[in-house]
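Enquirer: My structure is stored as work38.txt, with compact mmCIF, C-alpha atoms.
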# COMPACT_ATOMS: atom_id res chain seq x y z
CA MET A 833 -16.90 -14.37 35.33
CA ILE A 834 -14.37 -17.10 34.56
CA GLY A 835 -15.08 -16.80 30.85
CA TRP A 836 -14.59 -13.01 30.88
CA THR A 837 -11.38 -13.21 32.91
CA LEU A 838 -9.96 -15.98 30.74
CA GLY A 839 -10.93 -14.19 27.54
CA ARG A 840 -9.30 -10.98 28.71
CA TYR A 841 -6.13 -12.91 29.57
CA PHE A 842 -5.99 -14.50 26.10
CA PHE A 843 -6.70 -11.14 24.48
CA LEU A 844 -3.92 -9.36 26.37
CA ARG A 845 -1.52 -12.20 25.54
CA TYR A 846 -2.35 -11.84 21.84
CA VAL A 847 -2.00 -8.04 21.94
CA THR A 848 1.36 -8.26 23.73
CA ILE A 849 2.82 -10.74 21.25
CA THR A 850 1.46 -8.71 18.32
CA ALA A 851 3.15 -5.60 19.73
CA TYR A 852 6.47 -7.46 19.89
CA PHE A 853 6.12 -8.54 16.26
CA LEU A 854 5.21 -5.00 15.22
CA LEU A 855 8.23 -3.51 16.97
CA GLY A 856 10.55 -6.12 15.49
CA SER A 857 9.14 -5.66 12.00
CA PHE A 858 9.35 -1.87 12.32
CA ALA A 859 13.02 -1.96 13.32
CA LEU A 860 13.92 -4.45 10.58
CA ALA A 861 12.01 -2.52 7.88
CA LEU A 862 13.62 0.76 8.99
CA ILE A 863 17.14 -0.66 8.79
CA LEU A 864 16.59 -2.30 5.40
CA ASP A 865 14.83 0.70 3.85
CA PHE A 866 17.45 3.15 5.16
CA THR A 867 20.23 0.99 3.73
CA GLU A 868 18.54 0.71 0.33
CA LEU A 869 17.60 4.39 0.22
CA SER A 870 21.11 5.49 1.14
CA GLY A 871 22.52 3.44 -1.71
CA LYS A 872 20.16 5.12 -4.19
CA LEU A 873 20.43 8.71 -2.97
CA SER A 874 23.93 9.02 -1.54
CA SER A 875 25.31 10.44 -4.81
CA LEU A 876 22.88 13.39 -4.80
CA PRO A 877 24.18 16.78 -3.59
CA ASP A 878 21.37 17.32 -1.05
CA TYR A 879 21.81 13.91 0.55
CA SER A 880 22.61 13.57 4.24
CA PRO A 881 22.37 10.43 6.40
CA LEU A 882 20.06 12.13 8.90
CA ALA A 883 17.68 13.33 6.17
CA ALA A 884 17.69 9.89 4.53
CA PHE A 885 16.88 8.31 7.90
CA GLY A 886 13.96 10.73 8.27
CA ILE A 887 12.68 9.80 4.80
CA SER A 888 12.90 6.11 5.70
CA ALA A 889 10.98 6.76 8.92
CA MET A 890 8.21 8.44 6.89
CA ARG A 891 8.06 5.47 4.52
CA ILE A 892 7.89 2.78 7.22
CA PRO A 893 4.10 2.94 7.85
CA PHE A 894 3.58 2.43 4.11
CA ILE A 895 5.93 -0.57 4.11
CA MET A 896 4.44 -2.02 7.29
CA GLN A 897 1.00 -2.18 5.69
CA GLN A 898 2.30 -4.84 3.34
CA VAL A 899 3.34 -7.20 6.17
CA PHE A 900 0.32 -6.80 8.45
CA PRO A 901 -1.27 -10.09 7.28
CA PHE A 902 1.91 -12.01 8.11
CA ILE A 903 2.20 -10.29 11.49
CA ALA A 904 -1.37 -11.39 12.27
CA LEU A 905 -0.53 -14.95 11.21
CA PHE A 906 2.70 -15.22 13.21
CA SER A 907 1.19 -13.49 16.25
CA ALA A 908 -1.71 -15.93 16.39
CA MET A 909 0.62 -18.91 15.94
CA ALA A 910 3.02 -17.65 18.61
CA THR A 911 0.15 -16.98 21.02
CA LEU A 912 -1.37 -20.45 20.65
CA ILE A 913 2.03 -22.17 20.80
CA SER A 914 2.96 -20.33 24.01
CA LEU A 915 -0.39 -21.19 25.59
CA ASN A 916 0.02 -24.81 24.61
CA ARG A 917 3.55 -25.06 25.95
CA LYS A 918 2.37 -23.94 29.37
CA TYR A 919 -0.64 -26.28 29.25
CA GLU A 920 -2.94 -23.29 29.61
CA LEU A 921 -5.10 -24.41 26.68
CA VAL A 922 -5.18 -27.94 28.09
CA VAL A 923 -6.44 -26.65 31.44
CA ALA A 924 -8.95 -24.35 29.73
CA ARG A 925 -10.36 -27.19 27.68
CA SER A 926 -10.47 -29.47 30.70
CA VAL A 927 -12.93 -27.12 32.39
CA GLY A 928 -15.18 -27.04 29.35
CA VAL A 929 -13.81 -24.06 27.39
CA SER A 930 -14.17 -24.78 23.67
CA ALA A 931 -11.72 -23.82 20.96
CA TRP A 932 -14.11 -21.11 19.81
CA GLN A 933 -14.06 -19.44 23.20
CA PHE A 934 -10.29 -19.03 23.37
CA LEU A 935 -10.03 -18.20 19.66
CA LEU A 936 -12.58 -15.41 20.02
CA PRO A 937 -10.16 -13.09 21.92
CA ALA A 938 -7.49 -13.64 19.27
CA CYS A 939 -10.00 -12.90 16.49
CA ALA A 940 -11.13 -9.81 18.39
CA GLY A 941 -7.51 -8.72 18.64
CA ALA A 942 -7.03 -9.28 14.90
CA LEU A 943 -10.19 -7.27 14.18
CA LEU A 944 -8.93 -4.42 16.37
CA PHE A 945 -5.54 -4.67 14.67
CA GLY A 946 -7.19 -4.33 11.26
CA LEU A 947 -9.32 -1.35 12.31
CA ILE A 948 -6.25 0.46 13.64
CA ALA A 949 -4.45 -0.33 10.39
CA ILE A 950 -7.09 1.28 8.15
CA LEU A 951 -8.19 4.14 10.44
CA LEU A 952 -4.83 5.22 11.85
CA VAL A 953 -1.89 3.63 10.07
CA ASN A 954 -3.23 4.06 6.52
CA PRO A 955 -3.68 7.87 6.66
CA LEU A 956 -0.29 8.17 8.33
CA ALA A 957 1.28 5.92 5.70
CA ALA A 958 -0.31 7.84 2.80
CA HIS A 959 0.85 11.21 4.13
CA GLY A 960 4.34 9.97 5.02
CA TYR A 961 4.91 8.22 1.71
CA GLU A 962 3.71 11.23 -0.29
CA LYS A 963 5.96 13.54 1.74
CA SER A 964 8.97 11.26 1.26
CA GLU A 965 8.32 11.16 -2.50
CA GLN A 966 8.24 14.96 -2.60
CA ILE A 967 11.57 15.22 -0.80
CA THR A 968 13.32 12.64 -2.98
CA ALA A 969 11.84 14.22 -6.13
CA ASN A 970 13.26 17.60 -5.08
CA TRP A 971 16.65 16.00 -4.50
CA ARG A 972 16.59 14.37 -7.92
CA SER A 973 15.14 17.37 -9.74
CA GLY A 974 17.40 18.42 -12.58
CA LYS A 975 19.61 15.32 -12.31
CA ALA A 976 18.73 13.99 -15.76
CA ASN A 977 21.28 11.18 -15.62
CA ASP A 978 20.24 9.89 -12.22
CA VAL A 979 20.03 6.10 -12.60
CA GLY A 980 17.84 5.51 -9.57
CA THR A 981 14.61 6.74 -11.09
CA ASP A 982 11.97 5.39 -13.47
CA ARG A 983 9.89 7.61 -15.70
CA VAL A 984 6.17 7.59 -15.09
CA PRO A 985 3.79 6.40 -17.84
CA TRP A 986 3.51 8.81 -20.74
CA LEU A 987 0.26 10.72 -21.25
CA ARG A 988 -1.19 11.97 -24.50
CA GLN A 989 -3.57 14.93 -24.58
CA LYS A 990 -5.50 16.46 -27.47
CA THR A 991 -6.45 20.10 -27.83
CA GLU A 992 -7.49 22.40 -30.67
CA ASP A 993 -3.81 23.15 -31.34
CA GLY A 994 -2.84 19.49 -31.74
CA GLU A 995 -1.55 16.74 -29.51
CA THR A 996 0.96 16.81 -26.68
CA ILE A 997 2.89 13.84 -25.32
CA ILE A 998 3.74 14.26 -21.64
CA GLY A 999 6.34 12.42 -19.58
CA ALA A 1000 8.24 13.00 -16.35
CA LYS A 1001 10.94 11.53 -14.19
CA SER A 1002 8.79 11.48 -11.05
CA ILE A 1003 5.40 12.61 -9.78
CA VAL A 1004 4.26 14.22 -6.54
CA ASN A 1005 1.06 15.70 -5.16
CA ARG A 1006 -0.87 12.61 -6.26
CA GLY A 1007 0.04 13.09 -9.90
CA LEU A 1008 -0.84 16.77 -10.14
CA ARG A 1009 2.83 17.86 -10.18
CA LEU A 1010 5.38 16.41 -12.57
CA VAL A 1011 9.08 16.75 -11.78
CA ASP A 1012 11.62 16.95 -14.62
CA ALA A 1013 8.77 16.87 -17.09
CA THR A 1014 8.96 16.64 -20.89
CA PHE A 1015 6.23 18.02 -23.17
CA ILE A 1016 6.46 17.08 -26.86
CA ARG A 1017 3.99 19.14 -28.87
CA LEU A 1018 2.73 17.83 -32.20
CA ASP A 1019 0.98 19.83 -34.90
CA LYS A 1020 -2.18 18.75 -36.68
CA ASN A 1021 -0.09 16.69 -39.11
CA GLN A 1022 1.47 14.70 -36.23
CA ASP A 1023 4.86 16.34 -36.82
CA ILE A 1024 6.95 17.43 -33.84
CA GLN A 1025 6.49 21.14 -33.34
CA GLU A 1026 8.60 21.68 -30.24
CA ARG A 1027 9.87 20.04 -27.09
CA LEU A 1028 9.66 21.63 -23.66
CA ASP A 1029 11.75 20.37 -20.74
CA ALA A 1030 10.53 21.76 -17.41
CA ARG A 1031 11.82 21.43 -13.88
CA THR A 1032 8.22 21.13 -12.66
CA ALA A 1033 4.79 21.06 -14.30
CA ASP A 1034 1.61 21.69 -12.29
CA LEU A 1035 -1.87 20.86 -13.53
CA LYS A 1036 -4.13 23.87 -13.15
CA ASP A 1037 -7.69 24.52 -14.27
CA GLY A 1038 -7.46 24.12 -18.04
CA TYR A 1039 -3.69 24.31 -18.47
CA TRP A 1040 -0.32 22.95 -17.42
CA GLU A 1041 1.98 25.49 -15.79
CA LEU A 1042 5.61 24.70 -16.61
CA ASN A 1043 8.45 26.27 -14.60
CA ASN A 1044 12.16 26.61 -15.43
CA VAL A 1045 11.57 25.59 -19.03
CA THR A 1046 14.00 24.91 -21.86
CA LYS A 1047 12.40 25.11 -25.30
CA PHE A 1048 13.79 22.97 -28.14
CA VAL A 1049 12.82 23.56 -31.77
CA LEU A 1050 14.44 21.65 -34.64
CA GLY A 1051 17.22 23.69 -36.21
CA GLU A 1052 17.16 26.40 -33.52
CA THR A 1053 19.18 27.12 -30.38
CA PRO A 1054 17.49 25.95 -27.13
CA VAL A 1055 15.77 28.86 -25.43
CA PRO A 1056 15.32 29.00 -21.61
CA GLN A 1057 12.04 30.41 -20.38
CA PRO A 1058 10.90 31.02 -16.78
CA SER A 1059 7.41 29.61 -17.34
CA VAL A 1060 5.12 28.33 -20.08
CA ARG A 1061 1.41 27.49 -20.12
CA ILE A 1062 0.19 24.53 -22.15
CA PRO A 1063 -3.61 24.29 -22.68
CA THR A 1064 -5.18 20.99 -21.64
CA HIS A 1065 -8.53 19.30 -21.33
CA LEU A 1066 -7.21 16.78 -18.81
CA ARG A 1067 -9.10 16.66 -15.55
CA PRO A 1068 -7.33 16.22 -12.21
CA GLU A 1069 -9.41 13.08 -11.63
CA PHE A 1070 -8.01 11.47 -14.79
CA VAL A 1071 -4.43 12.45 -14.00
CA GLU A 1072 -4.76 11.15 -10.44
CA GLU A 1073 -6.16 7.85 -11.66
CA SER A 1074 -3.46 7.50 -14.34
CA LEU A 1075 -0.40 8.61 -12.38
CA ALA A 1076 -1.08 8.65 -8.65
CA LYS A 1077 -0.52 5.55 -6.58
CA PRO A 1078 -3.74 4.55 -4.75
CA GLU A 1079 -1.63 3.92 -1.63
CA THR A 1080 -0.87 7.66 -1.42
CA ILE A 1081 -4.56 8.52 -0.89
CA PRO A 1082 -5.87 8.13 2.68
CA PHE A 1083 -8.74 5.75 3.36
CA PHE A 1084 -11.13 8.58 4.27
CA GLU A 1085 -10.63 10.30 0.88
CA LEU A 1086 -10.91 7.26 -1.38
CA ARG A 1087 -14.71 7.21 -1.68
CA ASN A 1088 -14.81 10.84 -2.81
CA LYS A 1089 -11.97 10.25 -5.28
CA ILE A 1090 -13.75 7.22 -6.73
CA ALA A 1091 -17.06 9.09 -7.05
CA ALA A 1092 -15.38 12.12 -8.65
CA ALA A 1093 -13.46 10.00 -11.16
CA ARG A 1094 -16.53 8.01 -12.16
CA SER A 1095 -18.60 11.17 -12.55
CA PHE A 1096 -16.25 12.11 -15.39
CA GLY A 1097 -16.49 8.67 -16.97
CA TYR A 1098 -13.26 7.16 -15.60
CA SER A 1099 -13.24 3.62 -14.23
CA ALA A 1100 -11.22 4.32 -11.03
CA ASN A 1101 -10.61 0.57 -10.72
CA SER A 1102 -7.28 0.97 -8.95
CA PHE A 1103 -8.73 3.33 -6.34
CA ASP A 1104 -11.80 1.14 -5.82
CA MET A 1105 -9.63 -1.97 -5.53
CA HIS A 1106 -7.47 -0.32 -2.90
CA PHE A 1107 -10.56 0.87 -1.02
CA GLN A 1108 -12.14 -2.59 -1.00
CA SER A 1109 -8.82 -4.16 0.06
CA LEU A 1110 -8.67 -1.83 3.04
CA LEU A 1111 -12.26 -2.65 3.97
CA ALA A 1112 -11.43 -6.36 3.79
CA LEU A 1113 -8.21 -6.04 5.81
CA PRO A 1114 -9.75 -6.70 9.27
CA ALA A 1115 -11.49 -9.80 7.90
CA LEU A 1116 -8.24 -10.88 6.24
CA LEU A 1117 -6.37 -10.62 9.54
CA MET A 1118 -9.08 -12.68 11.25
CA ALA A 1119 -8.79 -15.27 8.46
CA MET A 1120 -5.03 -15.40 9.09
CA THR A 1121 -5.79 -16.03 12.76
CA LEU A 1122 -8.06 -18.95 11.89
CA ILE A 1123 -5.40 -20.38 9.58
CA ALA A 1124 -2.89 -20.13 12.43
CA ALA A 1125 -5.32 -22.00 14.69
CA THR A 1126 -5.63 -24.90 12.24
CA VAL A 1127 -1.93 -25.71 12.65
CA SER A 1128 -1.33 -24.62 16.26
CA LEU A 1129 -3.95 -26.32 18.40
CA LYS A 1130 -2.33 -29.77 18.46
CA PHE A 1131 1.10 -28.62 19.54
CA VAL A 1132 2.43 -30.20 22.70
CA ARG A 1133 5.20 -29.19 25.03
CA PHE A 1134 7.85 -31.60 23.78
CA GLY A 1135 8.75 -31.42 20.08
CA GLN A 1136 6.36 -29.36 18.02
CA SER A 1137 5.77 -30.54 14.49
CA GLY A 1138 7.89 -28.45 12.17
CA THR A 1139 5.88 -29.73 9.25
CA MET A 1140 2.67 -28.29 10.69
CA ILE A 1141 4.34 -24.95 11.41
CA LEU A 1142 5.66 -24.84 7.86
CA GLY A 1143 2.20 -25.76 6.61
CA GLY A 1144 0.67 -22.82 8.43
CA VAL A 1145 3.27 -20.42 7.07
CA LEU A 1146 2.77 -21.75 3.53
CA ALA A 1147 -1.01 -21.53 3.86
CA GLY A 1148 -0.75 -17.90 4.94
CA PHE A 1149 1.71 -17.16 2.16
CA VAL A 1150 -0.53 -18.78 -0.46
CA LEU A 1151 -3.48 -16.74 0.80
CA TYR A 1152 -1.42 -13.56 0.55
CA VAL A 1153 -0.21 -14.39 -2.97
CA VAL A 1154 -3.75 -15.20 -4.11
CA THR A 1155 -4.91 -11.89 -2.64
CA VAL A 1156 -2.22 -9.99 -4.54
CA VAL A 1157 -2.95 -11.80 -7.82
CA VAL A 1158 -6.69 -11.27 -7.56
CA LYS A 1159 -6.03 -7.63 -6.68
CA ALA A 1160 -4.11 -7.26 -9.95
CA PHE A 1161 -7.15 -8.61 -11.81
CA GLY A 1162 -9.32 -6.10 -9.96
CA ASN A 1163 -7.00 -3.21 -10.87
CA ALA A 1164 -7.13 -4.24 -14.52
CA GLY A 1165 -10.92 -4.43 -14.48
CA PHE A 1166 -11.16 -8.15 -15.27
CA VAL A 1167 -12.88 -8.78 -11.92
CA PRO A 1168 -15.09 -6.33 -10.00
CA PRO A 1169 -13.00 -4.83 -7.16
CA PHE A 1170 -15.51 -5.89 -4.50
CA ILE A 1171 -15.34 -9.53 -5.57
CA ALA A 1172 -11.55 -9.40 -6.02
CA ALA A 1173 -11.03 -8.05 -2.50
CA TRP A 1174 -13.44 -10.25 -0.59
CA THR A 1175 -13.32 -13.62 -2.36
CA PRO A 1176 -9.90 -14.73 -0.97
CA VAL A 1177 -10.94 -13.62 2.52
CA LEU A 1178 -14.19 -15.57 2.41
CA ILE A 1179 -12.49 -18.70 1.06
CA ALA A 1180 -9.83 -18.58 3.79
CA THR A 1181 -12.46 -17.98 6.46
CA PHE A 1182 -14.60 -20.90 5.32
CA PHE A 1183 -11.52 -23.11 5.20
CA GLY A 1184 -10.48 -22.17 8.73
CA VAL A 1185 -13.99 -22.49 10.17
CA SER A 1186 -14.58 -25.84 8.47
CA PHE A 1187 -11.31 -27.25 9.78
CA LEU A 1188 -12.00 -26.05 13.31
CA LEU A 1189 -15.55 -27.41 13.22
CA HIS A 1190 -14.20 -30.79 12.16
CA LYS A 1191 -11.53 -30.63 14.86
CA GLU A 1192 -13.84 -29.44 17.62
CA ASP A 1193 -16.98 -31.41 16.87
CA GLY A 1194 -15.83 -34.20 14.60
Can you turn what I pasted into structure tokens?

Expert:
Amino acid sequence: MIGWTLGRYFFLRYVTITAYFLLGSFALALILDFTELSGKLSSLPDYSPLAAFGISAMRIPFIMQQVFPFIALFSAMATLISLNRKYELVVARSVGVSAWQFLLPACAGALLFGLIAILLVNPLAAHGYEKSEQITANWRSGKANDVGTDRVPWLRQKTEDGETIIGAKSIVNRGLRLVDATFIRLDKNQDIQERLDARTADLKDGYWELNNVTKFVLGETPVPQPSVRIPTHLRPEFVEESLAKPETIPFFELRNKIAAARSFGYSANSFDMHFQSLLALPALLMAMTLIAATVSLKFVRFGQSGTMILGGVLAGFVLYVVTVVVKAFGNAGFVPPFIAAWTPVLIATFFGVSFLLHKEDG
């Protein structure tokens, strides 16, 4: 009974502190993103502060996903420090409660935090980010000289009529719609046949449908056309893999996207890497909790060691950087996505467990 009551108390303390960190991070991210977004979009005719604030609010879940590991680290450190300052851990250990028993509620809280992140926050973040990209793309549509945008990677397609080089200012609908698109058609001799500038280009079954098109042919006057169809052999799975950001696809759809892409012979490494990273997120948050414990258990009421606190922060930061670097290798196909996602988590977990075993039993 005492163990259950004490564990529930530690768990609620961890959840409360985590909620405070989440609220603080949400407010800070919203302010910073709104400020940055306003600076980029304020010159557009459709801009309004209220609409920009709404776009920032839709982007916040996507941004928050990037800081979840640090929130788990700081929450665990703050929880253990607060318990130590009030001698609650000292009293618990004096009655025979081991470090594993009062770390278990924190690890359970981190596991729950991770499950909520991938099952609830991730779909919300994917939908919100995709919607915000659609709105900003519509605002920027037709503004060819807008300096706040980067063109997406160029595609090259081959058909019986020759080759076509495809570019765009921005992409929406997971890569299936190009905004302010450019199609440069080459003949069989690799000479430029014509250039088509379209307000939007949608990938249909076997063709691109271009809308609000301006046709350029060397030596001729540009000709506006309401719509043009360009034949293509590109599959939606290939275009999604090449242009869409994996973060814009919800967790529940990733497995089907990966299977569909691989059925057509595409690697789908970026989608698989993102999927494995999401699966490993709860374990990563638990590893962050263990790292926090390695530098927080010896704190006393008078004069905590700043060096140990800094060491914990640096350890968590190094783990996060290693995770990002290994993820890049997984996206590029140099390392299998499963290994790239789980290796840093396992190493951090073994490090934390080994340190705590030495501290508790050694």

Enquirer: Skip A:Gln1057 itself and residues of its chain fewer than 5 positions away, then list as number ranges by chain all residues within 7 Å of it, counting all atoms listed in the file.

Expert: A: 1044-1046

Enquirer: Quick one: distance from atom CA of A:Asp1034 to atom CA of A:Pro1056 in Å, one decimal?

Expert: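 The value is 18.1 Å.
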
Enquirer: Around (-4.7, 12.1, 4.8) in the file's own coordinates, what residues are found within 6 Å if you use all atoms listed in the file, given back as a PyMOL selection string?

Expert: chain A and resi 955+959+1082

Enquirer: Here's a test: counting all atoms listed in the file, identify every protein, DNA and RNA residue with an atom at most 10 Å from (-12.8, 8.3, -11.9) in the file's coordinate frame, and state them as a list of chain:residue names.

Expert: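 Collected hits near the coordinates: A:Arg1067, A:Pro1068, A:Glu1069, A:Phe1070, A:Val1071, A:Glu1072, A:Glu1073, A:Ser1074, A:Asn1088, A:Lys1089, A:Ile1090, A:Ala1091, A:Ala1092, A:Ala1093, A:Arg1094, A:Ser1095, A:Phe1096, A:Gly1097, A:Tyr1098, A:Ser1099, A:Ala1100, A:Asn1101, A:Ser1102, A:Phe1103, A:Asp1104.
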
Enquirer: As an MDAnalysis selection string, please: the residues near A:Arg1017 (cut-off 6 Å, all atoms listed in the file, same-chain neighbours under 5 positions excluded).

Expert: chainID A and resid 996 1025:1026

Enquirer: Which neighbours of A:Ile948 fall inside 12 Å, counting all atoms listed in the file, when residues of the same chain fewer than 5 positions from it are skipped, and could you give them as a CSV table (one decimal) with C-alpha atoms, in the frame of the given file?

Expert:
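The result, stored in result.csv:
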chain,number,residue,atom,x,y,z
A,897,GLN,CA,1.0,-2.2,5.7
A,900,PHE,CA,0.3,-6.8,8.4
A,941,GLY,CA,-7.5,-8.7,18.6
A,942,ALA,CA,-7.0,-9.3,14.9
A,943,LEU,CA,-10.2,-7.3,14.2
A,953,VAL,CA,-1.9,3.6,10.1
A,954,ASN,CA,-3.2,4.1,6.5
A,955,PRO,CA,-3.7,7.9,6.7
A,956,LEU,CA,-0.3,8.2,8.3
A,1083,PHE,CA,-8.7,5.8,3.4
A,1110,LEU,CA,-8.7,-1.8,3.0
A,1111,LEU,CA,-12.3,-2.6,4.0
A,1113,LEU,CA,-8.2,-6.0,5.8
A,1114,PRO,CA,-9.8,-6.7,9.3
A,1117,LEU,CA,-6.4,-10.6,9.5

Enquirer: Show me, as an MDAnalysis selection string, the residues that have an atom within 7 Å of stretch 848-862 of chain A when counting only C-alpha atoms, minus same-chain residues fewer than 4 positions from it.

Expert: chainID A and resid 844 866 888:889 892 903 907 911

Enquirer: Keeping C-alpha atoms, export the residues of the selection given above as a PDB file, keeping the file's coordinate frame.

Expert:
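This went into selection_28.pdb:
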ATOM      1  CA  LEU A 844      -3.920  -9.360  26.370  1.00  0.00           C
ATOM      2  CA  PHE A 866      17.450   3.150   5.160  1.00  0.00           C
ATOM      3  CA  SER A 888      12.900   6.110   5.700  1.00  0.00           C
ATOM      4  CA  ALA A 889      10.980   6.760   8.920  1.00  0.00           C
ATOM      5  CA  ILE A 892       7.890   2.780   7.220  1.00  0.00           C
ATOM      6  CA  ILE A 903       2.200 -10.290  11.490  1.00  0.00           C
ATOM      7  CA  SER A 907       1.190 -13.490  16.250  1.00  0.00           C
ATOM      8  CA  THR A 911       0.150 -16.980  21.020  1.00  0.00           C
TER       9      THR A 911
END

Enquirer: Can you tell me which residues surround A:Arg988 at a distance of at most 12 Å, considering all atoms listed in the file, apart from same-chain residues fewer than 6 positions away, and format the answer as a PyMOL selection string?

Expert: chain A and resi 994-999+1014-1018+1064-1066+1070-1071+1074

Enquirer: For atom CA of A:Leu921 and atom CA of A:Leu1146, determine how far apart the two atoms are, in Å to one decimal place.

Expert: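 Here the two named atoms are 24.6 Å from each other.
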
Enquirer: Which residue out of A:Ser1109, A:Phe1187, A:Ile1081, A:Leu1116 has the minimum interatomic distance to A:Ile1171 when all atoms listed in the file are used?

Expert: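 Of A:Ser1109, A:Phe1187, A:Ile1081, A:Leu1116, the one nearest A:Ile1171, counting all atoms listed in the file, is A:Ser1109.
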
Enquirer: Please report the interatomic distance between atom CA of A:Tyr919 and atom CA of A:Ser1128 in Å with one decimal.

Expert: 13.1 Å

Enquirer: Ranking A:Val847, A:Ala1164, A:Leu1189, A:Arg1061 by minimum distance to A:Leu944 and counting all atoms listed in the file, which one comes first?

Expert: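 Selected residue with least distance to A:Leu944: A:Val847.
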